[in-house]
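> Dropping a structure here in structure tokens format, bear with me for questions.
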Amino acid sequence: MGKESEQTPREKAEKTLLAIKEFKRYLEGVEKDLSGMSKKFSNKEIAQGVGFAVTGIQEALTYLAIVKRVIEKTERIVAKKHIVSDKEIDDIPGDP
């Protein structure tokens, strides 16, 4: 726990983006397996249940993509603000 608190916000964001990427890959694999499985079952109820699971996974992937974009955009905004604040500090008159 102590190690995580020592991470910079950028490191935490990068770690989160990596986890999202790995989770996305996992969900895509499950989605592919379930799609193939639904075709194997002749029982309509089982196939329909698998179809619902696939739909849920697709929605989860959509939400992961949104979260990823939010994290990336936030990182860009923070980086820009950091650059601006560094420039403002450099522009202070009488500052060596």
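Residue numbering restarts at 1 in every chain; chains get A, B, ... in the order shown in the structure tokens, and ligands count up from 1 in that same order.
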Need the shell around region 54-59 of chain A: protein/DNA/RNA residues with any atom at most 9 Å away, counting only C-alpha atoms. Skip same-chain ones fewer than 4 positions apart. Format as a short mmCIF file (atom, residue, chain, number, x, y, z; two decimals) with C-alpha atoms, in the first residue's frame?

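Contents of the output file part27.cif:
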data_model
loop_
_atom_site.label_atom_id
_atom_site.label_comp_id
_atom_site.auth_asym_id
_atom_site.auth_seq_id
_atom_site.Cartn_x
_atom_site.Cartn_y
_atom_site.Cartn_z
CA LEU A 27 -13.12 -9.25 -22.28
CA GLU A 28 -12.65 -9.46 -26.03
CA VAL A 30 -14.42 -13.94 -23.45
CA GLU A 31 -16.75 -12.27 -25.95
CA LYS A 32 -15.25 -14.32 -28.79
CA LEU A 34 -19.15 -16.82 -25.85
CA SER A 35 -20.09 -15.97 -29.42
CA GLY A 49 -28.40 -16.14 -22.28
CA VAL A 50 -24.97 -16.26 -23.88
CA TYR A 63 -17.35 2.03 -20.93
CA LEU A 64 -13.68 1.05 -20.73
#
> Out of A:Ser85, A:Lys68, A:Pro9, A:Glu75, which residue has the shortest atom-to-atom distance to Lys21 (chain A) when counting only C-alpha atoms?
A:Lys68
> So which one's closest to Leu61 (chain A), A:Glu11, A:Glu22, A:Glu45, A:Glu6? Using only C-alpha atoms, please.
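Of A:Glu11, A:Glu22, A:Glu45, A:Glu6, the one nearest Leu61 (chain A), counting only C-alpha atoms, is A:Glu22.
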> Record the distance separating CA of Arg76 (chain A) and CA of Glu14 (chain A), expressed in Å with one decimal.
12.4 Å
> Interatomic distance between CA of Ala60 (chain A) and CA of Phe23 (chain A)?
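These two atoms are separated by 10.0 Å.
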> Can you work out which one of A:Arg69, A:Lys40, A:Asp33, A:Gln7 has the shortest atom-to-atom distance to Ala53 (chain A), counting only C-alpha atoms?
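For Ala53 (chain A), the nearest of the candidates is A:Asp33.
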> Near Val78 (chain A), within 10 Å and counting only C-alpha atoms, which residues show up once chain neighbours fewer than 5 positions away are dropped, as a list in words?
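Counting only the stated atoms, we get Pro9, Arg10, Glu72, Lys73, Ile83 and Val84 of chain A.
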> Selection from above, all heavy atoms, as a CSV table (one decimal), in the first residue's frame, can you write it?

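Output saved as result.csv:
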chain,number,residue,atom,x,y,z
A,9,PRO,N,0.9,11.0,-10.0
A,9,PRO,CA,-0.4,10.8,-10.7
A,9,PRO,C,-0.2,10.3,-12.2
A,9,PRO,O,-1.0,9.5,-12.6
A,9,PRO,CB,-0.9,12.3,-10.8
A,9,PRO,CG,-0.3,12.9,-9.6
A,9,PRO,CD,1.0,12.3,-9.5
A,10,ARG,N,0.9,10.6,-12.8
A,10,ARG,CA,1.2,10.1,-14.2
A,10,ARG,C,1.4,8.6,-14.1
A,10,ARG,O,0.9,7.9,-15.0
A,10,ARG,CB,2.4,10.9,-14.8
A,10,ARG,CG,2.7,10.4,-16.2
A,10,ARG,CD,3.7,11.2,-16.8
A,10,ARG,NE,4.0,10.8,-18.2
A,10,ARG,CZ,3.2,11.1,-19.2
A,10,ARG,NH1,2.2,11.8,-19.1
A,10,ARG,NH2,3.6,10.7,-20.4
A,72,GLU,N,-6.8,9.8,-20.6
A,72,GLU,CA,-5.8,10.3,-21.5
A,72,GLU,C,-6.0,11.8,-21.7
A,72,GLU,O,-5.0,12.6,-21.7
A,72,GLU,CB,-5.9,9.7,-22.9
A,72,GLU,CG,-5.4,8.2,-22.9
A,72,GLU,CD,-5.7,7.5,-24.1
A,72,GLU,OE1,-6.7,7.9,-24.9
A,72,GLU,OE2,-5.1,6.4,-24.3
A,73,LYS,N,-7.3,12.3,-21.7
A,73,LYS,CA,-7.5,13.7,-21.9
A,73,LYS,C,-7.1,14.5,-20.6
A,73,LYS,O,-6.5,15.5,-20.7
A,73,LYS,CB,-9.0,14.0,-22.2
A,73,LYS,CG,-9.3,15.4,-22.5
A,73,LYS,CD,-10.6,15.6,-23.1
A,73,LYS,CE,-10.8,17.0,-23.6
A,73,LYS,NZ,-11.8,17.2,-24.6
A,83,ILE,N,3.0,22.7,-17.8
A,83,ILE,CA,3.9,23.5,-18.7
A,83,ILE,C,3.7,25.0,-18.5
A,83,ILE,O,4.6,25.8,-18.4
A,83,ILE,CB,3.8,23.1,-20.1
A,83,ILE,CG1,4.3,21.7,-20.3
A,83,ILE,CG2,4.4,24.1,-21.1
A,83,ILE,CD1,4.0,21.1,-21.7
A,84,VAL,N,2.4,25.4,-18.4
A,84,VAL,CA,2.0,26.8,-18.3
A,84,VAL,C,2.5,27.3,-16.9
A,84,VAL,O,3.1,28.4,-16.8
A,84,VAL,CB,0.5,27.0,-18.4
A,84,VAL,CG1,0.1,28.4,-18.0
A,84,VAL,CG2,0.1,26.7,-19.8
> Give me, please, the distance in Å between CA of Ser38 (chain A) and CA of Tyr26 (chain A), quoted to one decimal.
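Separating CA of Ser38 (chain A) from CA of Tyr26 (chain A) is a distance of 18.4 Å.
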> Of the candidates A:Ala65, A:His82, A:Gln48, A:Asn43, which one gets nearest to Arg25 (chain A) if we count only C-alpha atoms?
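The closest residue to Arg25 (chain A) is A:Ala65.
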